[in-house]
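Q: Have a look at the structure that comes next, please.
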Amino acid sequence: MTQEKEKDEDWDLVLTPKNKMLWLDIKEIVQYKDLLFLLIRRDFVSVYKQTILGPLWFVFQPIVSTIMYMFVFGSIAKMGTDGIPQPLFYFTGNMLWTFFSNTLTKCQDTFNANAGLFGKVYFPRFTMPISYTVNSFFTFLIQFAFLIIFYMFYLVSGTAVTPTWWIFLTPVLILQTALLGMGIGILISALTTKYRDLRQLVSFGLGIFMYVTPVVYPLSNVPAQWAPFFYLNPMTPVFEMFRYAFLGKGMHNIWMWSASLVATLLIFWLGVVTFNHNEKTFIDVI
Amino acid sequence: MDTVVRVEHLNKEYRLGVIGNGSLYRDIQSWMAKLRHKEDPWTQIGADSRVGRKGRFLALDDVSFEVGRGERLGIMGRNGAGKSTLLKILSQITAPTGGCIKIRGKVASLLEVGTGFHPELTGRENVYLNGAILGMHKAEIDKKFDEIVAFSEISGEFIDTPVKRYSSGMFVRLAFAVAAHLESDILIADEVLAVGDTRFQDKSLGAMKNASENQGRTILFVSHQMGAIKQLCQKGILLEHGRLIDSGPMNDIAMKYQKLLEGA
């Protein structure tokens with residue numbers, strides 16, 4: 001038995017200078033699934049430990065934002081909402097955007113925030129961005145549940161909001177938002193270990209990105225000559241279709257959406273490759 | 001004997017000073033210069049870009065050795081000899097720049113006690129989190145939980161208190177207790193025993209030795225504490241300036257190290 005083992009040299013682990021992986025080691029991540037659950041729990045619980053409102057914070061923030069949007073964009077700037085009731089329009093936009101930007105912001109800090117941990121123990125590094133994304137997804141779910149209650153109220157009271165069959169595509173839209181946020185996030189996380197300047201750009205860039213995405217205004221408000229630029233943004237179809245699914249107004253072009261899905265997957269893949277490349281060397285750089 | 005760790009011609013090169021130029025703008029300038037076959041505007045004065053080897057530093061230089069199943073290997077060397085770099089490569093924290101390491105079995109590495117402990121979480125929650133970070137499954141921790149708490153000598157009422165309220169001794173004992181209950185084929189440990197009082201250190205060393213003798217666990221141990229390393233390890237290697245200068249029975253290596261320290 002022992003001799004056989006010596007002969008065929010079946011090593012469990014071979015460490016060489018370059019481990020170039022072009023995709024995720026799903027098997028390894030599954031092995032560490034218990035860690036993943038604990039990380040998710042840790043981040044979720046530690047957010048509201050020693051706070052008075054506790055989990056209520058998760059709905060308090062979007063409600064205040066919605067009211068502010070109604071005031072600033074609705075009353076002062078008088079931007080239209082395609083006839084959708086303002087609270088629904090802004091809450092939906094804010095909820096989706098928060099999900100996207102939270103995921104991106106947390107993921108882009110993966111290496112910097114965990115340098116101490118990553119420098120001392122090995123575990124699949126990709127568990128971190130996954131746990132961040134799942135966490136922002138939970139926040140999203142709580143807000144989404146709140147939106148549904150809100151939405152039911154409007155439906156029953158007979159306001160002009162009409163859900164469409166596209167509602168069944170929502171899970172795909174949510175997944176797309178998560179993948180895009182995560183993809184851009186991990187791409188930046190890998191680059192910021194070397195180029196710290198990118199970190200400064202993230203919050204600034206996200207602010208700009210929000211205004212070029214139809215978050216607080218519908219795409220139909222965009223002048224026709226600028227619309228093609230909006231189609232280049234993979235987040236545009238997500239917001240428009242999400243609103244179309246629930247509220248009955250918005251762009252719903254299957255081809256444009258397919259293109260944005262391809263772009264999302266491409267960005268995510270690029271993020272994974274850069275992340276993998278970085279995870280073995282970043283500790284010498286940071 | 002069955003070899004479980006084989007290190008072959010291992011190299012680790014670090015670049016001294018700044019890595020890259022620190023900002024994207026400067027890196028682009030360097031890159032543009034290279035494209036146009038001009039001199040890199042950001043070359044450090046005195047450094048010749050054609051040599052390319054200047055400003056580089058070999059933390060590990062052609063290190064090769066083998067460890068058999070159930071062996072306890074002590075790694076000695078002065079500060080900066082490359083011990084920690086070696087352990088970091090063995091623990092998959094950083095990649096080597098040359099050579100390779102082949103490993104058979106599950107590795108657990110303990111480069112620091114309490115890695116990933118979160119101050120807001122209770123002792124119980126941290127045992128689970130830390131265990132999982134070290135590669136344990138939840139079921140495994142469930143099974144060993146009582147044993148871990150007993151080993152740490154933390155009384156029942158404290159285990160559900162956030163660890164930020166622990167004394168540093170309690171913190172370290174709990175953290176080490178988790179590590180001591182890892183079920184791995186190979187354990188890599190760096191100076192972890194420099195914490196806790198002497199009695200707890202002896203107990204921890206005893207636990208490590210037991211696991212090696214009874215379960216055939218292989219241990220790679222780095223320490224500056226002569227007593228601890230001699231008590232635990234049978235074999236040793238001595239590193240100096242990134243090179244492996246000697247290997248053999250632990251007592252001989254410890255003696256050579258002593259001589260090295262005395263500046264002979």
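Labeling convention for the structure tokens: chains A, B, ... as they appear, residues from 1 per chain, ligands from 1 in order of appearance.
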Using only C-alpha atoms, select each residue of chain A with any atom at most 7 Å away from an atom of chain B, and give the selection as a ChimeraX atom specification.

A: /A:11-17,32,34-35,38,46,117-123,194-197,280-281,283,285

Q: May I have the residues from that selection written out with C-alpha atoms, as a PDB file, in the first residue's frame?

A:
ATOM      1  CA  TRP A  11       0.542  14.425  -4.198  1.00  0.00           C
ATOM      2  CA  ASP A  12      -2.502  16.191  -2.836  1.00  0.00           C
ATOM      3  CA  LEU A  13      -1.065  19.610  -3.306  1.00  0.00           C
ATOM      4  CA  VAL A  14       1.692  20.958  -5.504  1.00  0.00           C
ATOM      5  CA  LEU A  15       2.789  24.543  -4.966  1.00  0.00           C
ATOM      6  CA  THR A  16       4.538  26.115  -7.918  1.00  0.00           C
ATOM      7  CA  PRO A  17       5.297  29.728  -8.853  1.00  0.00           C
ATOM      8  CA  TYR A  32     -15.353  25.602   2.834  1.00  0.00           C
ATOM      9  CA  ASP A  34     -19.303  26.100   6.581  1.00  0.00           C
ATOM     10  CA  LEU A  35     -16.852  28.980   6.649  1.00  0.00           C
ATOM     11  CA  LEU A  38     -20.211  31.707   9.291  1.00  0.00           C
ATOM     12  CA  SER A  46     -22.068  42.439  13.632  1.00  0.00           C
ATOM     13  CA  LEU A 117      -6.299  37.498   7.803  1.00  0.00           C
ATOM     14  CA  PHE A 118      -5.042  36.590   4.339  1.00  0.00           C
ATOM     15  CA  GLY A 119      -1.480  37.023   5.522  1.00  0.00           C
ATOM     16  CA  LYS A 120      -1.864  34.423   8.221  1.00  0.00           C
ATOM     17  CA  VAL A 121      -4.062  31.636   6.990  1.00  0.00           C
ATOM     18  CA  TYR A 122      -5.058  30.056   3.738  1.00  0.00           C
ATOM     19  CA  PHE A 123      -8.643  29.495   2.708  1.00  0.00           C
ATOM     20  CA  LYS A 194      -0.983  47.736  -6.520  1.00  0.00           C
ATOM     21  CA  TYR A 195      -2.602  51.021  -7.470  1.00  0.00           C
ATOM     22  CA  ARG A 196      -4.011  52.691  -4.413  1.00  0.00           C
ATOM     23  CA  ASP A 197      -5.299  55.618  -6.487  1.00  0.00           C
ATOM     24  CA  LYS A 280      -1.103  34.412  -4.544  1.00  0.00           C
ATOM     25  CA  THR A 281       1.088  37.468  -4.747  1.00  0.00           C
ATOM     26  CA  ILE A 283       0.562  39.741   0.269  1.00  0.00           C
ATOM     27  CA  VAL A 285       2.750  43.845  -2.470  1.00  0.00           C
TER      28      VAL A 285
END

Q: Among stretch 44-221 of chain B, which residues does DSSP mark as helix (DSSP H, G or I) when it is run on the backbone? Keep the chain and numbering as in the structure and answer as a CSV table (one decimal) with N, CA and C atoms, in the first residue's frame.

A:
chain,number,residue,atom,x,y,z
B,83,LYS,N,12.8,31.9,7.6
B,83,LYS,CA,11.8,30.9,8.3
B,83,LYS,C,10.4,31.2,8.0
B,84,SER,N,10.0,32.5,8.2
B,84,SER,CA,8.6,32.8,8.1
B,84,SER,C,8.2,32.8,6.6
B,85,THR,N,9.1,33.2,5.7
B,85,THR,CA,8.8,33.1,4.3
B,85,THR,C,8.5,31.6,3.9
B,86,LEU,N,9.4,30.7,4.4
B,86,LEU,CA,9.2,29.3,4.1
B,86,LEU,C,7.8,28.8,4.6
B,87,LEU,N,7.5,29.2,5.8
B,87,LEU,CA,6.2,28.8,6.3
B,87,LEU,C,5.0,29.4,5.6
B,88,LYS,N,5.2,30.7,5.1
B,88,LYS,CA,4.1,31.3,4.3
B,88,LYS,C,3.9,30.6,3.0
B,89,ILE,N,5.0,30.1,2.4
B,89,ILE,CA,4.8,29.4,1.1
B,89,ILE,C,4.2,28.1,1.4
B,90,LEU,N,4.6,27.4,2.5
B,90,LEU,CA,4.1,26.1,2.8
B,90,LEU,C,2.6,26.2,3.1
B,123,GLY,N,-17.4,34.0,22.6
B,123,GLY,CA,-16.4,32.9,22.5
B,123,GLY,C,-16.8,31.8,21.7
B,124,ARG,N,-18.1,31.4,21.9
B,124,ARG,CA,-18.7,30.3,21.2
B,124,ARG,C,-18.7,30.5,19.7
B,125,GLU,N,-19.1,31.7,19.3
B,125,GLU,CA,-19.2,32.0,17.9
B,125,GLU,C,-17.8,32.1,17.2
B,126,ASN,N,-16.9,32.6,18.0
B,126,ASN,CA,-15.5,32.7,17.5
B,126,ASN,C,-14.8,31.3,17.3
B,127,VAL,N,-15.2,30.4,18.2
B,127,VAL,CA,-14.6,29.0,18.1
B,127,VAL,C,-15.1,28.5,16.8
B,128,TYR,N,-16.3,28.7,16.4
B,128,TYR,CA,-16.8,28.1,15.1
B,128,TYR,C,-16.2,28.9,14.0
B,129,LEU,N,-16.1,30.2,14.1
B,129,LEU,CA,-15.6,31.0,12.9
B,129,LEU,C,-14.1,30.6,12.7
B,130,ASN,N,-13.4,30.7,13.8
B,130,ASN,CA,-11.9,30.4,13.7
B,130,ASN,C,-11.6,29.0,13.2
B,131,GLY,N,-12.4,28.0,13.8
B,131,GLY,CA,-12.3,26.6,13.3
B,131,GLY,C,-12.5,26.5,11.8
B,132,ALA,N,-13.5,27.2,11.4
B,132,ALA,CA,-13.9,27.2,9.9
B,132,ALA,C,-12.8,27.8,9.1
B,133,ILE,N,-12.2,28.9,9.6
B,133,ILE,CA,-11.2,29.6,8.9
B,133,ILE,C,-10.0,28.7,8.7
B,138,LYS,N,-18.3,22.3,10.3
B,138,LYS,CA,-19.1,22.6,11.4
B,138,LYS,C,-19.4,21.4,12.3
B,139,ALA,N,-19.6,20.2,11.6
B,139,ALA,CA,-19.9,19.0,12.4
B,139,ALA,C,-18.7,18.6,13.2
B,140,GLU,N,-17.5,18.8,12.7
B,140,GLU,CA,-16.3,18.5,13.4
B,140,GLU,C,-16.2,19.4,14.7
B,141,ILE,N,-16.5,20.7,14.5
B,141,ILE,CA,-16.4,21.6,15.7
B,141,ILE,C,-17.5,21.2,16.7
B,142,ASP,N,-18.7,20.9,16.2
B,142,ASP,CA,-19.7,20.5,17.1
B,142,ASP,C,-19.3,19.4,18.1
B,143,LYS,N,-18.6,18.4,17.4
B,143,LYS,CA,-18.2,17.2,18.1
B,143,LYS,C,-17.1,17.6,19.2
B,144,LYS,N,-16.3,18.5,18.8
B,144,LYS,CA,-15.1,18.8,19.7
B,144,LYS,C,-15.3,20.0,20.6
B,145,PHE,N,-16.5,20.6,20.5
B,145,PHE,CA,-16.6,21.9,21.1
B,145,PHE,C,-16.3,21.9,22.6
B,146,ASP,N,-16.9,20.8,23.3
B,146,ASP,CA,-16.7,20.8,24.8
B,146,ASP,C,-15.2,20.5,25.1
B,147,GLU,N,-14.6,19.7,24.3
B,147,GLU,CA,-13.2,19.5,24.5
B,147,GLU,C,-12.3,20.7,24.4
B,148,ILE,N,-12.7,21.5,23.4
B,148,ILE,CA,-12.0,22.8,23.1
B,148,ILE,C,-12.1,23.7,24.3
B,149,VAL,N,-13.4,23.9,24.8
B,149,VAL,CA,-13.6,24.8,25.9
B,149,VAL,C,-12.9,24.3,27.1
B,150,ALA,N,-12.9,23.0,27.4
B,150,ALA,CA,-12.2,22.4,28.5
B,150,ALA,C,-10.7,22.7,28.4
B,151,PHE,N,-10.2,22.5,27.2
B,151,PHE,CA,-8.7,22.7,27.1
B,151,PHE,C,-8.3,24.2,27.3
B,152,SER,N,-9.2,25.1,26.9
B,152,SER,CA,-8.9,26.5,27.1
B,152,SER,C,-9.1,27.0,28.5
B,156,GLY,N,-17.7,28.1,31.9
B,156,GLY,CA,-19.0,28.1,31.2
B,156,GLY,C,-19.6,29.5,30.9
B,157,GLU,N,-19.6,30.3,31.9
B,157,GLU,CA,-20.4,31.6,31.7
B,157,GLU,C,-19.7,32.5,30.8
B,158,PHE,N,-18.4,32.4,30.6
B,158,PHE,CA,-17.7,33.3,29.7
B,158,PHE,C,-17.8,33.0,28.2
B,163,VAL,N,-15.8,38.3,22.9
B,163,VAL,CA,-14.4,38.1,23.3
B,163,VAL,C,-13.7,39.4,23.6
B,164,LYS,N,-14.3,40.5,23.2
B,164,LYS,CA,-13.6,41.8,23.5
B,164,LYS,C,-13.6,42.0,25.0
B,165,ARG,N,-14.4,41.3,25.8
B,165,ARG,CA,-14.4,41.4,27.2
B,165,ARG,C,-13.5,40.4,27.9
B,168,SER,N,-6.5,39.1,28.0
B,168,SER,CA,-5.7,38.6,26.8
B,168,SER,C,-5.3,37.1,27.0
B,169,GLY,N,-5.1,36.7,28.2
B,169,GLY,CA,-4.7,35.3,28.5
B,169,GLY,C,-5.9,34.4,28.0
B,170,MET,N,-7.1,34.7,28.4
B,170,MET,CA,-8.3,33.9,28.0
B,170,MET,C,-8.4,33.8,26.5
B,171,PHE,N,-8.2,35.0,25.9
B,171,PHE,CA,-8.3,35.1,24.4
B,171,PHE,C,-7.3,34.1,23.8
B,172,VAL,N,-6.1,34.2,24.2
B,172,VAL,CA,-5.1,33.3,23.6
B,172,VAL,C,-5.3,31.9,23.9
B,173,ARG,N,-5.8,31.5,25.1
B,173,ARG,CA,-6.0,30.1,25.5
B,173,ARG,C,-7.1,29.6,24.6
B,174,LEU,N,-8.2,30.3,24.4
B,174,LEU,CA,-9.3,29.9,23.6
B,174,LEU,C,-8.8,29.7,22.1
B,175,ALA,N,-8.1,30.7,21.7
B,175,ALA,CA,-7.6,30.6,20.3
B,175,ALA,C,-6.7,29.4,20.1
B,176,PHE,N,-5.8,29.2,21.0
B,176,PHE,CA,-4.9,28.0,20.8
B,176,PHE,C,-5.7,26.7,21.0
B,177,ALA,N,-6.7,26.7,21.9
B,177,ALA,CA,-7.4,25.5,22.0
B,177,ALA,C,-8.1,25.0,20.7
B,178,VAL,N,-8.6,26.0,20.0
B,178,VAL,CA,-9.2,25.7,18.7
B,178,VAL,C,-8.2,25.0,17.8
B,179,ALA,N,-7.0,25.7,17.7
B,179,ALA,CA,-5.9,25.2,16.8
B,179,ALA,C,-5.5,23.8,17.2
B,180,ALA,N,-5.4,23.6,18.5
B,180,ALA,CA,-4.9,22.3,19.0
B,180,ALA,C,-5.8,21.1,18.6
B,192,VAL,N,3.8,30.2,17.8
B,192,VAL,CA,2.5,30.4,18.4
B,192,VAL,C,2.5,30.2,19.9
B,193,LEU,N,3.6,29.6,20.4
B,193,LEU,CA,3.7,29.3,21.9
B,193,LEU,C,4.3,30.5,22.7
B,194,ALA,N,4.6,31.5,22.0
B,194,ALA,CA,5.2,32.7,22.7
B,194,ALA,C,4.2,33.3,23.5
B,198,THR,N,3.8,29.7,31.2
B,198,THR,CA,4.6,28.5,31.0
B,198,THR,C,3.8,27.2,31.1
B,199,ARG,N,2.9,27.2,32.1
B,199,ARG,CA,2.1,25.9,32.3
B,199,ARG,C,1.3,25.6,31.0
B,200,PHE,N,0.6,26.7,30.5
B,200,PHE,CA,-0.2,26.5,29.3
B,200,PHE,C,0.6,26.1,28.1
B,201,GLN,N,1.8,26.7,28.0
B,201,GLN,CA,2.7,26.4,26.9
B,201,GLN,C,3.1,24.9,27.0
B,202,ASP,N,3.4,24.4,28.2
B,202,ASP,CA,3.8,23.0,28.3
B,202,ASP,C,2.7,22.1,27.9
B,203,LYS,N,1.5,22.5,28.3
B,203,LYS,CA,0.3,21.7,28.0
B,203,LYS,C,0.1,21.7,26.5
B,204,SER,N,0.3,22.8,25.8
B,204,SER,CA,0.1,22.9,24.4
B,204,SER,C,1.1,22.1,23.6
B,205,LEU,N,2.4,22.2,24.1
B,205,LEU,CA,3.4,21.4,23.5
B,205,LEU,C,3.1,19.9,23.6
B,206,GLY,N,2.7,19.5,24.8
B,206,GLY,CA,2.3,18.1,25.1
B,206,GLY,C,1.2,17.7,24.1
B,207,ALA,N,0.2,18.5,23.9
B,207,ALA,CA,-0.9,18.2,23.0
B,207,ALA,C,-0.4,18.0,21.6
B,208,MET,N,0.5,18.8,21.2
B,208,MET,CA,1.0,18.7,19.8
B,208,MET,C,1.8,17.4,19.7
B,209,LYS,N,2.6,17.1,20.7
B,209,LYS,CA,3.5,15.9,20.6
B,209,LYS,C,2.6,14.7,20.6
B,210,ASN,N,1.6,14.7,21.4
B,210,ASN,CA,0.7,13.5,21.5
B,210,ASN,C,0.1,13.2,20.2
B,211,ALA,N,-0.4,14.3,19.5
B,211,ALA,CA,-1.1,14.2,18.2
B,211,ALA,C,-0.1,13.6,17.2
B,212,SER,N,1.1,13.9,17.3
B,212,SER,CA,2.1,13.4,16.4
B,212,SER,C,2.4,12.0,16.6
B,213,GLU,N,2.6,11.6,17.9
B,213,GLU,CA,2.9,10.2,18.2
B,213,GLU,C,1.8,9.3,18.1
B,214,ASN,N,0.6,9.7,18.4
B,214,ASN,CA,-0.6,8.8,18.4
B,214,ASN,C,-1.3,8.8,17.1
B,215,GLN,N,-1.4,9.9,16.4
B,215,GLN,CA,-2.1,10.0,15.1
B,215,GLN,C,-1.2,10.1,13.9

Q: Would you work out the distance separating atom CA of A:Thr159 from atom CA of A:Phe89, expressed in Å to one decimal?

A: 13.2 Å

Q: Would you mind reading off the distance between atom CA of A:Pro62 and atom CA of A:Pro223, one decimal, in Å?

A: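 Going from atom CA of A:Pro62 over to atom CA of A:Pro223 covers 28.6 Å.
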
Q: Under the rule that only C-alpha atoms are counted, which of B:Ile154, B:Met76, B:Ile219, B:Ser184 is the nearest residue to B:Asp252?

A: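 When distances to B:Asp252 are compared using only C-alpha atoms, the smallest one comes from B:Met76.
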
Q: Return the single residue from A:Tyr132, A:Phe137, A:Tyr217, A:Tyr69 that is closest to A:Pro171, with distances computed using only C-alpha atoms.

A: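 Under the stated criterion, the closest residue is A:Phe137.
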
Q: Env of B:His224: 10 Å cut, atoms = only C-alpha atoms, seq-sep filter 3 positions within chain, self excluded. Answer as a PyMOL selection string.

A: chain B and resi 75-79+190-191+194+227-229

Q: Compile the contact shell of stretch 232-236 of chain B as a PyMOL selection string: residues with an atom at most 6 Å away, counting only C-alpha atoms, same-chain residues fewer than 4 positions apart removed.

A: chain B and resi 72-75+247-250+253

Q: Using DSSP on the backbone coordinates, identify the residues of stretch 60-259 of chain B assigned to strand (DSSP E); present them as a compact mmCIF listing (two decimals) with N, CA and C atoms, in the first residue's frame.

A:
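Saved result, selection-v7.txt, follows:
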# COMPACT_ATOMS: atom_id res chain seq x y z
N LEU B 60 14.52 33.21 0.05
CA LEU B 60 14.82 31.78 0.09
C LEU B 60 15.63 31.46 -1.15
N ASP B 61 16.71 30.74 -0.96
CA ASP B 61 17.63 30.50 -2.06
C ASP B 61 17.89 29.00 -2.18
N ASP B 62 17.24 28.36 -3.14
CA ASP B 62 17.47 26.96 -3.45
C ASP B 62 17.36 26.06 -2.22
N VAL B 63 16.24 26.11 -1.56
CA VAL B 63 16.03 25.30 -0.36
C VAL B 63 15.35 23.98 -0.74
N SER B 64 15.93 22.87 -0.34
CA SER B 64 15.31 21.57 -0.59
C SER B 64 15.38 20.72 0.68
N PHE B 65 14.29 20.10 1.01
CA PHE B 65 14.30 19.11 2.10
C PHE B 65 13.04 18.27 2.03
N GLU B 66 13.02 17.22 2.84
CA GLU B 66 11.86 16.32 2.85
C GLU B 66 11.45 16.07 4.28
N VAL B 67 10.16 15.85 4.47
CA VAL B 67 9.68 15.51 5.80
C VAL B 67 8.84 14.26 5.68
N GLY B 68 9.09 13.30 6.55
CA GLY B 68 8.35 12.03 6.50
C GLY B 68 7.11 12.07 7.37
N ARG B 72 8.57 15.35 13.35
CA ARG B 72 8.40 16.71 13.89
C ARG B 72 9.68 17.46 13.58
N LEU B 73 9.55 18.41 12.67
CA LEU B 73 10.72 19.12 12.17
C LEU B 73 10.78 20.53 12.75
N GLY B 74 11.89 20.86 13.33
CA GLY B 74 12.09 22.21 13.85
C GLY B 74 12.84 23.04 12.83
N ILE B 75 12.39 24.25 12.60
CA ILE B 75 13.06 25.13 11.64
C ILE B 75 13.70 26.27 12.42
N MET B 76 15.03 26.37 12.33
CA MET B 76 15.72 27.40 13.11
C MET B 76 16.47 28.35 12.19
N GLY B 77 16.81 29.47 12.75
CA GLY B 77 17.55 30.47 11.97
C GLY B 77 17.38 31.81 12.63
N GLY B 98 10.33 30.29 -7.48
CA GLY B 98 11.01 29.22 -8.20
C GLY B 98 10.93 27.93 -7.39
N GLY B 99 11.09 26.80 -8.06
CA GLY B 99 11.02 25.52 -7.37
C GLY B 99 9.60 25.13 -7.05
N CYS B 100 9.45 24.05 -6.29
CA CYS B 100 8.08 23.69 -5.93
C CYS B 100 8.03 22.92 -4.62
N ILE B 101 6.83 22.82 -4.10
CA ILE B 101 6.59 22.07 -2.88
C ILE B 101 5.50 21.07 -3.18
N LYS B 102 5.71 19.82 -2.79
CA LYS B 102 4.66 18.81 -2.97
C LYS B 102 4.23 18.34 -1.59
N ILE B 103 2.93 18.27 -1.42
CA ILE B 103 2.40 17.94 -0.10
C ILE B 103 1.38 16.82 -0.22
N VAL B 107 -3.30 20.05 5.20
CA VAL B 107 -2.41 20.94 5.92
C VAL B 107 -3.21 21.93 6.76
N ALA B 108 -2.75 22.14 7.99
CA ALA B 108 -3.33 23.22 8.77
C ALA B 108 -2.16 24.08 9.19
N SER B 109 -2.31 25.39 9.05
CA SER B 109 -1.18 26.21 9.47
C SER B 109 -1.60 27.21 10.50
N LEU B 110 -0.69 27.45 11.40
CA LEU B 110 -0.96 28.25 12.57
C LEU B 110 0.15 29.28 12.65
N ILE B 186 -0.86 17.43 8.54
CA ILE B 186 0.36 18.21 8.69
C ILE B 186 0.02 19.51 9.42
N LEU B 187 0.79 19.83 10.44
CA LEU B 187 0.57 21.08 11.16
C LEU B 187 1.80 21.97 11.01
N ILE B 188 1.56 23.20 10.61
CA ILE B 188 2.65 24.15 10.45
C ILE B 188 2.45 25.24 11.50
N ALA B 189 3.42 25.44 12.36
CA ALA B 189 3.23 26.40 13.45
C ALA B 189 4.41 27.35 13.58
N ASP B 190 4.10 28.62 13.75
CA ASP B 190 5.13 29.65 13.83
C ASP B 190 5.00 30.42 15.15
N THR B 218 2.29 15.07 11.17
CA THR B 218 3.59 15.67 10.87
C THR B 218 3.57 17.12 11.34
N ILE B 219 4.63 17.55 11.96
CA ILE B 219 4.64 18.92 12.46
C ILE B 219 5.87 19.68 11.96
N LEU B 220 5.67 20.87 11.47
CA LEU B 220 6.77 21.78 11.12
C LEU B 220 6.66 22.97 12.05
N PHE B 221 7.71 23.18 12.81
CA PHE B 221 7.60 24.13 13.91
C PHE B 221 8.74 25.14 13.88
N VAL B 222 8.39 26.40 13.99
CA VAL B 222 9.41 27.45 14.07
C VAL B 222 9.34 28.07 15.44
N LYS B 235 13.89 16.30 14.54
CA LYS B 235 14.82 16.68 13.50
C LYS B 235 14.77 18.19 13.32
N GLY B 236 15.80 18.72 12.73
CA GLY B 236 15.79 20.16 12.53
C GLY B 236 16.50 20.56 11.25
N ILE B 237 16.17 21.75 10.77
CA ILE B 237 16.94 22.35 9.68
C ILE B 237 17.33 23.75 10.11
N LEU B 238 18.47 24.20 9.60
CA LEU B 238 18.96 25.51 9.98
C LEU B 238 19.07 26.38 8.73
N LEU B 239 18.44 27.55 8.79
CA LEU B 239 18.48 28.48 7.66
C LEU B 239 19.36 29.67 8.00
N GLU B 240 20.06 30.16 6.99
CA GLU B 240 20.86 31.36 7.17
C GLU B 240 20.91 32.09 5.84
N ARG B 243 19.43 30.37 2.82
CA ARG B 243 19.91 29.06 2.39
C ARG B 243 19.78 28.05 3.51
N LEU B 244 19.57 26.80 3.10
CA LEU B 244 19.54 25.75 4.10
C LEU B 244 20.98 25.35 4.35
N ILE B 245 21.49 25.64 5.54
CA ILE B 245 22.91 25.34 5.74
C ILE B 245 23.15 24.03 6.47
N ASP B 246 22.15 23.52 7.15
CA ASP B 246 22.37 22.24 7.80
C ASP B 246 21.05 21.57 8.14
N SER B 247 21.06 20.23 8.18
CA SER B 247 19.89 19.52 8.69
C SER B 247 20.38 18.29 9.43
N GLY B 248 19.59 17.84 10.36
CA GLY B 248 19.99 16.69 11.16
C GLY B 248 19.18 16.58 12.42
N PRO B 249 19.64 15.80 13.38
CA PRO B 249 18.90 15.67 14.65
C PRO B 249 18.77 17.03 15.32
